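These notes concern the structure reproduced below.
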Amino acid sequence: MRTVVITGGPCAGKTTALGALRALSERAGVPAIFVPEAATDLIIGGVAPWTCASMLEFQTRVMALQLEREAEAMSQAEAAAQAERRANPDVLVVCDRGICDSHAYLDDDDYARALTANGLAEGDVLARYDAVFHLETIAKTSPEAYTKANNRARFENASEAAAVDDRGVAAWAAHPNFHVIPSYADFERKTAALVDAMREFAGIDLRERTQSSPVLVSACLLGEPCRYDARSVPCDAVRTLGRDHELVPVCPEQLGGLPTPRIPSEIQPDERVADREGNDRTDAFLAGAQAALRIAREHGCRKAILKAKSPSCGVHEVYDGSFSGIVVPGQGITAALLADAGLEIVDETQVRP
Ligand code: SF4
């Protein structure tokens, strides 16, 4: 489990960035739990600095709610990590602000009082989080673009927002893995900078995993001499994909225990698989398909590129079982199992160089 804080000054694009992180983590298959911002929820709910006796009282309440939410998220993350231990050992907890943010609104003495009231020691607070990313407010670079209109809980004007931003940086500066993301007018650029920083400084690789998720590939297309005649059918377009994607080669017929070379097999009209001499090979083909699916899951593959027309790998058509070169619409045994499991399957003829 890794816990990161996304924080920043008022109108820093934090909400937009968190929405993008949520979408990216889902697409990348990174299990993530998001802890909502405590201060905003309190203010919208009617507990605000101006309804409390003091800023100290308000920030003490913010801390209490933040702690409660972090504890719940960490408990959920532990449970998720246990459940997904093999495929996804790293569950990500993303906190919308963290405990130290209160220090931006309190002097040192009151901050210490708020910590004590919540049973925290100042030295322990930073260690709660593996990394902290501060988004700089737009009030510092383009004050004319600063607005309170998109957040009911925002009460600072532009110059106050810039000052809060500075105090927020100071509050977190002692964290050993603290990073400031500069303000760009273009939110997409800012989010990209945040994703890059998360990858570089926290090992959270949302972008790379999104763009380069592993692809399961019929091994014979990559030059492996695993066909029935101990030859391969290398495909340059498929091999070229290896520049941008991790390619995971499998030969289901070999995985099912069949030798190479071997007597060629075809799917029969009764859906059994038999070789040209009439030997039933159904069990070996099913075992190979199960092994290929297991490998796909272990590598997190969501797509497979398979050899056309093969009784294991064919995606759109297969030989008709008469060993006379006639093809009919249908899928190979492995292709059908992968498709049932939710993988996108294509054959090599659909891969553009
Ligand atoms: S089973 Fe698939 S990967 Fe193996 S040789 Fe046949 S087409 Fe290629």
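Labels used: A, B, ... for chains in the order of the structure tokens, numbers from 1 for residues in each chain, and numbers from 1 for ligands as shown.
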What are the closest atom pairs, with distances in Å to one decimal, for each residue of chain A lying within 6 Å of ligand 1, using only C-alpha atoms and all ligand atoms, rows by chain and rising residue number, as a Markdown table?
```
| residue | atom | partner | partner_atom_place_in_ligand_line | distance |
| --- | --- | --- | --- | --- |
| A:Ser218 | CA | ligand 1 | 3 (S) | 3.8 |
| A:Ala219 | CA | ligand 1 | 3 (S) | 4.6 |
| A:Cys220 | CA | ligand 1 | 8 (Fe) | 4.3 |
| A:Cys226 | CA | ligand 1 | 5 (S) | 4.8 |
| A:Arg227 | CA | ligand 1 | 5 (S) | 3.6 |
| A:Val250 | CA | ligand 1 | 3 (S) | 5.9 |
| A:Cys251 | CA | ligand 1 | 4 (Fe) | 3.6 |
| A:Pro252 | CA | ligand 1 | 1 (S) | 4.8 |
| A:Glu253 | CA | ligand 1 | 1 (S) | 4.5 |
| A:Lys307 | CA | ligand 1 | 7 (S) | 4.7 |
| A:Ser310 | CA | ligand 1 | 7 (S) | 5.0 |
| A:Ser312 | CA | ligand 1 | 1 (S) | 5.1 |
| A:Cys313 | CA | ligand 1 | 2 (Fe) | 4.7 |
```
Apply DSSP to the backbone of this structure and, from stretch 105-174 of chain A, keep only the residues in helix (DSSP H, G or I); write these as a compact mmCIF listing (two decimals) with C-alpha atoms, in the first residue's frame.
```txt
# COMPACT_ATOMS: atom_id res chain seq x y z
CA ASP A 108 3.05 26.88 15.13
CA ASP A 109 1.56 26.89 18.63
CA ASP A 110 -2.03 26.38 17.49
CA TYR A 111 -0.95 23.71 15.01
CA ALA A 112 0.73 21.83 17.85
CA ARG A 113 -2.47 22.21 19.93
CA ALA A 114 -4.61 20.81 17.09
CA LEU A 115 -2.27 17.84 16.70
CA THR A 116 -2.30 17.14 20.41
CA ALA A 117 -6.09 17.35 20.52
CA GLU A 122 4.28 16.43 15.00
CA GLY A 123 7.15 14.08 14.22
CA ASP A 124 4.77 11.28 13.21
CA VAL A 125 2.55 13.23 10.84
CA LEU A 126 4.83 13.40 7.82
CA ALA A 127 5.57 9.68 8.05
CA ARG A 128 1.89 8.90 7.43
CA ILE A 138 -3.25 29.84 -10.40
CA ALA A 139 -3.51 32.95 -8.18
CA LYS A 140 0.30 33.10 -8.16
CA THR A 141 0.84 33.02 -11.93
CA PRO A 143 -4.33 36.16 -10.64
CA GLU A 144 -6.86 37.43 -13.20
CA ALA A 145 -7.91 33.81 -13.82
CA ALA A 158 -6.43 36.01 -5.13
CA SER A 159 -3.72 37.55 -2.94
CA GLU A 160 -4.92 35.60 0.09
CA ALA A 161 -4.92 32.43 -2.02
CA ALA A 162 -1.32 33.05 -3.07
CA ALA A 163 -0.34 33.51 0.58
CA VAL A 164 -2.16 30.30 1.59
CA ASP A 165 -0.30 28.52 -1.20
CA ASP A 166 3.04 29.68 0.22
CA ARG A 167 2.05 28.59 3.72
CA GLY A 168 0.94 25.20 2.35
CA VAL A 169 4.35 24.68 0.76
CA ALA A 170 6.02 25.61 4.03
CA ALA A 171 3.75 23.21 5.95
CA TRP A 172 4.84 20.23 3.87
```
Practice task
Considering only C-alpha atoms, state which residue in the set A:Arg69, A:Val91, A:Val315, A:Glu348 is at the smallest distance from A:Ser25.
Solution key: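 Closest to A:Ser25 of all the choices is A:Val91.
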Practice task
Give me the residues within 7 Å of A:Pro10 as number ranges by chain, counting only C-alpha atoms and dropping any in the same chain fewer than 2 places off.
Solution key: A: 8, 12, 137, 161
Problem - One-decimal distance in Å that lies between atom CA of A:Pro269 and atom CA of A:Pro225 - result: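 That distance, rounded to one decimal, is 28.6 Å.
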Practice task
Select, from A:Leu286, A:Val215, A:Cys301, A:Ile43, the residue with the minimum atom-to-atom distance to A:Arg243, counting only C-alpha atoms.
Solution key: A:Val215
Problem - Selection near A:Leu221, 9 Å with only C-alpha atoms, sequence-local residues under 2 positions removed, as a list of chain:residue names - result: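 Those residues are A:Val217, A:Ser218, A:Ala219, A:Gly223, A:Glu224, A:Ser232, A:Val233, A:Pro234, A:Cys235, A:Asp236, A:Val238, A:Arg239, A:Pro249, A:Ile305, A:Leu306, A:Lys307, A:Glu348.
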Exercise for the section: Output as a count of residues only all residues of stretch 157-218 of chain A that backbone DSSP marks as strand (DSSP E). Expected result: 8
Exercise for the section: Find the residues around A:Pro49 up to 7 Å (only C-alpha atoms counted), leave out those fewer than 4 positions away in its own chain, and share them as a PyMOL selection string. Expected result: chain A and resi 54-55+58
Go ahead and write the residues just picked, C-alpha atoms, as a PDB file, in the first residue's frame.
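Output file result.pdb is given in full below:
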```
ATOM      1  CA  SER A  54     -11.668  30.070  16.265  1.00  0.00           C
ATOM      2  CA  MET A  55      -9.612  28.834  13.347  1.00  0.00           C
ATOM      3  CA  PHE A  58     -12.157  24.528  12.905  1.00  0.00           C
TER       4      PHE A  58
END
```
Tell me which protein, DNA and RNA residues are within 10 Å of A:Met198, counting only C-alpha atoms, leaving out same-chain ones fewer than 2 positions away, and put them as a compact mmCIF listing (two decimals) with C-alpha atoms, in the first residue's frame.
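For reference, around_19.txt as written:
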```txt
# COMPACT_ATOMS: atom_id res chain seq x y z
CA VAL A 4 0.06 9.97 -1.31
CA ALA A 131 4.79 11.26 -1.05
CA VAL A 132 3.15 14.68 -1.18
CA PHE A 133 2.37 16.63 -4.34
CA HIS A 179 7.10 18.05 -4.76
CA ALA A 192 0.48 15.40 -16.95
CA ALA A 193 3.18 16.98 -14.77
CA LEU A 194 1.53 15.49 -11.68
CA VAL A 195 1.33 12.03 -13.26
CA ASP A 196 5.01 12.31 -14.27
CA GLU A 200 9.26 9.55 -10.87
CA PHE A 201 9.05 10.11 -7.14
CA ALA A 202 6.50 7.58 -5.90
CA GLY A 203 6.85 4.74 -8.43
CA ILE A 204 3.18 5.06 -9.36
CA ASP A 205 3.18 4.44 -13.07
CA LEU A 206 -0.28 5.43 -14.24
CA ARG A 207 0.70 6.82 -17.63
```
Problem - A:Val346, A:Pro214, A:Ala289, A:Glu317 ranked by distance to A:Ala28, top pick (using only C-alpha atoms) - result: A:Pro214
Handout entry: Point-to-point distance in Å for atom CA of A:Met1 and atom CA of A:His134
Key =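 That distance, rounded to one decimal, is 20.8 Å.
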